[in-house]
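**Student:** Just passing along the structure, written as C-alpha cells.
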Amino acid sequence: MSDLKYWLGFNLVKGIGPAKVQALLDYYGSLANAWQANEFELYKIGLDKRAVANFLQTRHEVDLDVALVQVQKANIKLLTWEMPDYPNYLREIPTPPPLLYLKGDLLEQDRWAVAVVGTRRLTSYGRQVTRDLVAGLVQNNITVVSGLARGIDAIAHKTAVELGGRTLAVLGSGLDAIYPADNRALAQEITQGHGAIISEYGLGIQPEAKNFPPRNRIISGLSLGVIIVEAGERSGALITTNFALEQNRDVFAVPGNINSPASQGPNRLIQEGAKPVTRVEDVLEELNLHMVAERTAVQLVLPETAEEIALYTQLSTQPVHIDELSRSTGLPSALVSSTLTLMELKGMVQQVGGMNYVLLREDEPIYHTTKSEETS
C-alpha cells in the first residue's frame, strides 16, 4: 500500500487521533496528500495549535521510509482502516485505531473472540476460574483476548497457549516495549502460531499510565463479550467493561466472596446488570458461540461484516423474529432485513415464515415452510 508510510507518519504525531485522521481523509482524500498540508489548511479543518505544531515537527524530523523499514525489520505488520485484514468488529467501534501494529497473525476465526480480564492481584480462586473458563473457550474454538498484564490477563493468555488455543494480547506500549518485562517470553510464545500481540502505539512508546485506558477499548472492540473474573472497586479492568457497554458488547462477571476485595468489582457489576458466569456454558449460550464453534470446525460460511456477526450471534436453530433481532442487536430494522437477505443468499440463515429466521446447519435439511406458517 503506497500510502502506508503516511499512516505511520500520522500515527507518530501526538495529538492526532481517530477523529482528526478521519477529518484529514475527508478533506484531502488520502493521508499522502494530507502529509503535504500547510499550516493554514490544518487549522481550517479543526486541528488545534498543539497538534499542528507536533505535525510540523514530526514531518521535519522523521524520514517515513526509514521508519517503515524499521517496523518491517522488527517483523511487525501494519493494518490501517482501509485494509481488508483490519478486524471488522473493531472497525465498528466509536473510535477505532486508524493504525494497528501487529506481531504474529490474525486469522478469520479470531472474529469469534471473548475478552477475559481482571486484577493484577488475583487470588487462587481467580486463578482457577480463569483457567477453567479459558479452557472452555479454547475447547470451543473461541479466541481469548486480554491485555498481557500480570494476574488474570497473564493466566488467560498462558492457559490459551498451553492448550493450543488462540489468544490476542493488546498492549499499552509499543510492541518493542513489552510490559511487564516478565511477560516477554509469553508475548513471544503468543506470536509463534498462537495469535498476535497488538498495539496502536508506535515503536519506542513506553507503557505510560495514560496509554492503558485507551487500549482497553481495543480489547473489548475485538471481542463479542467481556468476562471480568476478579477486580477491585477501582480496577482498570472495569474501564474495559465501560467500553464494552459503549460498544454494545455483552459484559459477564464471575461472582465471588462478598468479603474478598478482589470480587468487589464483579459483584457490583452483577448488581448493575452484568451476566453472572459460573461456567463457560453461560457465555457460550448467551452469545450462541456453541453454534459458532461447530460451524468453524467444519469451515462453513462465516459472517464477514459487523452486522452479520451481530445477527449471527443472536440466531440459533430456534426461530427468531426480525423485530426481536433489531432490538437485541440495536440495528435499524431496514439494515437487519437487508443483511438477513444477503446471509440467506450465502446459505447462512433461512426465513422459516412470519419473518422468523434460523441458522442453517450443514448437517440438517433445509426447513420447508407450509402455507399456514408463511401467513402466520
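By order of appearance in the C-alpha cells: chains A, B, ..., then residues from 1 within every chain, and ligands from 1 in the order shown.
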When DSSP works through the backbone of this structure, what residues of stretch 23-130 of chain A end up as strand (DSSP E), shown as a PDB file with N, CA and C atoms, in the first residue's frame?
**Tutor:**
ATOM      1  N   LYS A  77       3.603  -6.140  11.368  1.00  0.00           N
ATOM      2  CA  LYS A  77       2.696  -5.782  10.272  1.00  0.00           C
ATOM      3  C   LYS A  77       1.917  -4.541  10.673  1.00  0.00           C
ATOM      4  N   LEU A  78       1.586  -3.721   9.695  1.00  0.00           N
ATOM      5  CA  LEU A  78       0.753  -2.550   9.931  1.00  0.00           C
ATOM      6  C   LEU A  78      -0.595  -2.760   9.258  1.00  0.00           C
ATOM      7  N   LEU A  79      -1.660  -2.489   9.995  1.00  0.00           N
ATOM      8  CA  LEU A  79      -3.013  -2.596   9.447  1.00  0.00           C
ATOM      9  C   LEU A  79      -3.703  -1.249   9.583  1.00  0.00           C
ATOM     10  N   THR A  80      -4.246  -0.734   8.481  1.00  0.00           N
ATOM     11  CA  THR A  80      -4.990   0.524   8.534  1.00  0.00           C
ATOM     12  C   THR A  80      -6.475   0.244   8.333  1.00  0.00           C
ATOM     13  N   LEU A  99      -4.453   2.990  12.855  1.00  0.00           N
ATOM     14  CA  LEU A  99      -3.336   2.110  12.514  1.00  0.00           C
ATOM     15  C   LEU A  99      -3.094   1.136  13.660  1.00  0.00           C
ATOM     16  N   LEU A 100      -2.951  -0.137  13.310  1.00  0.00           N
ATOM     17  CA  LEU A 100      -2.603  -1.169  14.290  1.00  0.00           C
ATOM     18  C   LEU A 100      -1.224  -1.730  13.963  1.00  0.00           C
ATOM     19  N   TYR A 101      -0.410  -1.911  15.000  1.00  0.00           N
ATOM     20  CA  TYR A 101       0.863  -2.624  14.878  1.00  0.00           C
ATOM     21  C   TYR A 101       0.587  -4.048  15.346  1.00  0.00           C
ATOM     22  N   LEU A 102       1.015  -5.027  14.554  1.00  0.00           N
ATOM     23  CA  LEU A 102       0.660  -6.410  14.862  1.00  0.00           C
ATOM     24  C   LEU A 102       1.852  -7.336  14.657  1.00  0.00           C
ATOM     25  N   LYS A 103       2.119  -8.160  15.660  1.00  0.00           N
ATOM     26  CA  LYS A 103       3.165  -9.161  15.545  1.00  0.00           C
ATOM     27  C   LYS A 103       2.527 -10.515  15.798  1.00  0.00           C
ATOM     28  N   GLY A 104       2.718 -11.453  14.867  1.00  0.00           N
ATOM     29  CA  GLY A 104       2.024 -12.728  14.922  1.00  0.00           C
ATOM     30  C   GLY A 104       1.060 -12.790  13.755  1.00  0.00           C
ATOM     31  N   ALA A 113     -14.232 -14.028  19.269  1.00  0.00           N
ATOM     32  CA  ALA A 113     -13.323 -13.796  20.396  1.00  0.00           C
ATOM     33  C   ALA A 113     -14.083 -13.312  21.619  1.00  0.00           C
ATOM     34  N   VAL A 114     -13.574 -13.691  22.782  1.00  0.00           N
ATOM     35  CA  VAL A 114     -14.121 -13.226  24.062  1.00  0.00           C
ATOM     36  C   VAL A 114     -12.951 -12.719  24.898  1.00  0.00           C
ATOM     37  N   ALA A 115     -13.128 -11.556  25.522  1.00  0.00           N
ATOM     38  CA  ALA A 115     -12.079 -10.999  26.375  1.00  0.00           C
ATOM     39  C   ALA A 115     -12.211 -11.558  27.793  1.00  0.00           C
ATOM     40  N   VAL A 116     -11.062 -11.859  28.394  1.00  0.00           N
ATOM     41  CA  VAL A 116     -11.013 -12.306  29.793  1.00  0.00           C
ATOM     42  C   VAL A 116     -10.028 -11.390  30.499  1.00  0.00           C
ATOM     43  N   VAL A 117     -10.524 -10.563  31.413  1.00  0.00           N
ATOM     44  CA  VAL A 117      -9.664  -9.570  32.060  1.00  0.00           C
ATOM     45  C   VAL A 117      -9.920  -9.540  33.559  1.00  0.00           C
TER      46      VAL A 117
END
**Student:** Could you give me, as a ChimeraX atom specification, the residues within 12 Å of A:Gln188, counting only C-alpha atoms and dropping anything in the same chain fewer than 2 positions from it?
**Tutor:** /A:103-104,148,157-158,161,168-169,175-176,178,181-186,190-197
**Student:** Quick one: everything within 7 Å of A:Ala244, counting only C-alpha atoms, minus sequence neighbours fewer than 5 positions away in the same chain. Send it as number ranges by chain.
**Tutor:** A: 220, 226, 249-251
**Student:** When you draw a straight line from atom CA of A:Leu56 to atom CA of A:Asn11, how long is it in Å?
**Tutor:**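 Straight-line distance from atom CA of A:Leu56 to atom CA of A:Asn11 works out to 13.5 Å.
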**Student:** When DSSP works through the backbone of this structure, what residues of stretch 65-303 of chain A end up as helix (DSSP H, G or I), shown as a PyMOL selection string?
**Tutor:** chain A and resi 65-73+88-91+108-111+124-139+152-162+181-191+209-221+237-246+261-271+280-286+289-297
**Student:** One decimal, Å: what's the distance from atom CA of A:Leu42 over to atom CA of A:Gly29, could you say?
**Tutor:**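 These atoms are spaced 14.0 Å apart.
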**Student:** Which residue gives the smallest distance to A:Pro207 among A:Leu222, A:Ile228, A:Ala149, A:Val280, with only C-alpha atoms counted?
**Tutor:**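 Checking each candidate against A:Pro207, we get A:Ala149 as the closest.
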**Student:** When you look at stretch 122-124 of chain A with a cut-off of 8 Å (counting only C-alpha atoms), what residues show up, excluding the ones that are within fewer than 6 positions of it in the same chain? I need them as a PyMOL selection string.
**Tutor:** chain A and resi 151-152+230+262
**Student:** For the residues in the current selection, export C-alpha atoms as a short mmCIF file (atom, residue, chain, number, x, y, z; two decimals), in the first residue's frame.
**Tutor:**
data_model
loop_
_atom_site.label_atom_id
_atom_site.label_comp_id
_atom_site.auth_asym_id
_atom_site.auth_seq_id
_atom_site.Cartn_x
_atom_site.Cartn_y
_atom_site.Cartn_z
CA GLY A 151 -2.51 -11.54 37.16
CA ILE A 152 -5.74 -12.55 35.41
CA GLU A 230 -11.71 -10.56 39.64
CA ALA A 262 -10.84 -8.92 44.50
#
**Student:** Can you tell me which residues surround A:Asp132 at a distance of at most 12 Å, considering only C-alpha atoms, apart from same-chain residues fewer than 2 positions away, and format the answer as JSON, numbers by chain?
**Tutor:** {"A": [116, 125, 126, 127, 128, 129, 130, 134, 135, 136, 137, 138, 139, 155, 156, 159, 160, 163, 229, 254, 277, 278, 279, 280, 281]}
**Student:** Please determine, counting only C-alpha atoms, which residue among A:Asp63, A:Asp26, A:Glu200, A:Glu39 has the shortest atom-to-atom distance to A:Arg217.
**Tutor:**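 Closest residue, counting only C-alpha atoms: A:Glu200.
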**Student:** Using only C-alpha atoms, which of A:Thr119, A:Thr313, A:Thr341, A:Asn54 sits nearest A:Ser328?
**Tutor:** A:Thr313
**Student:** Please provide as a PyMOL selection string all residues within 9 Å of A:Lys5, with the sequence filter that same-chain residues fewer than 2 positions apart are discarded (counting only C-alpha atoms).
**Tutor:** chain A and resi 1-3+7-10+32+64-65+67-68
**Student:** Leaving out A:Arg327 and any residue of its chain fewer than 5 positions from it, which residues lie within 12 Å of it when counting only C-alpha atoms, given as number ranges by chain?
**Tutor:** A: 248, 310-311, 314, 320-322, 332-333, 336
**Student:** Would you export the selected residues with N, CA and C atoms as a short mmCIF file (atom, residue, chain, number, x, y, z; two decimals), in the first residue's frame, please?
**Tutor:**
data_model
loop_
_atom_site.label_atom_id
_atom_site.label_comp_id
_atom_site.auth_asym_id
_atom_site.auth_seq_id
_atom_site.Cartn_x
_atom_site.Cartn_y
_atom_site.Cartn_z
N ASN A 248 -21.74 -1.84 22.70
CA ASN A 248 -22.84 -2.81 22.60
C ASN A 248 -22.35 -4.26 22.69
N ALA A 310 -23.21 -9.56 14.36
CA ALA A 310 -24.20 -9.22 15.39
C ALA A 310 -25.46 -10.08 15.26
N LEU A 311 -25.94 -10.25 14.02
CA LEU A 311 -27.14 -11.07 13.80
C LEU A 311 -26.86 -12.54 14.05
N GLN A 314 -27.02 -13.74 17.54
CA GLN A 314 -28.36 -13.73 18.14
C GLN A 314 -29.25 -14.85 17.60
N VAL A 320 -36.22 -16.84 15.33
CA VAL A 320 -36.22 -15.53 15.99
C VAL A 320 -36.82 -14.52 15.02
N HIS A 321 -37.75 -13.69 15.52
CA HIS A 321 -38.43 -12.72 14.66
C HIS A 321 -37.49 -11.55 14.34
N ILE A 322 -37.68 -10.98 13.17
CA ILE A 322 -36.82 -9.90 12.71
C ILE A 322 -36.86 -8.69 13.64
N PRO A 332 -30.93 -0.86 12.96
CA PRO A 332 -32.21 -0.46 12.36
C PRO A 332 -32.85 -1.64 11.62
N SER A 333 -34.18 -1.70 11.63
CA SER A 333 -34.87 -2.85 11.04
C SER A 333 -34.59 -3.00 9.55
N VAL A 336 -31.24 -4.69 9.29
CA VAL A 336 -31.39 -6.10 9.68
C VAL A 336 -31.97 -6.90 8.51
#
**Student:** With only C-alpha atoms as the basis for distance, which of A:Val62, A:Leu340, A:Ile205, A:Ala237 is at the shortest distance from A:Gly147?
**Tutor:**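 Of all the options, A:Ala237 lies closest to A:Gly147.
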**Student:** Just the number, please: distance in Å from atom CA of A:Gly174 to atom CA of A:Ile76, one decimal.
**Tutor:**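 Spanning atom CA of A:Gly174 to atom CA of A:Ile76 is a straight-line distance of 10.7 Å.
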**Student:** When distances are computed from only C-alpha atoms, which of A:Lys210, A:Arg166, A:Lys20, A:Arg215 shows the smallest separation from A:Val52?
**Tutor:**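 Of the candidates, the smallest distance to A:Val52 is held by A:Lys20.
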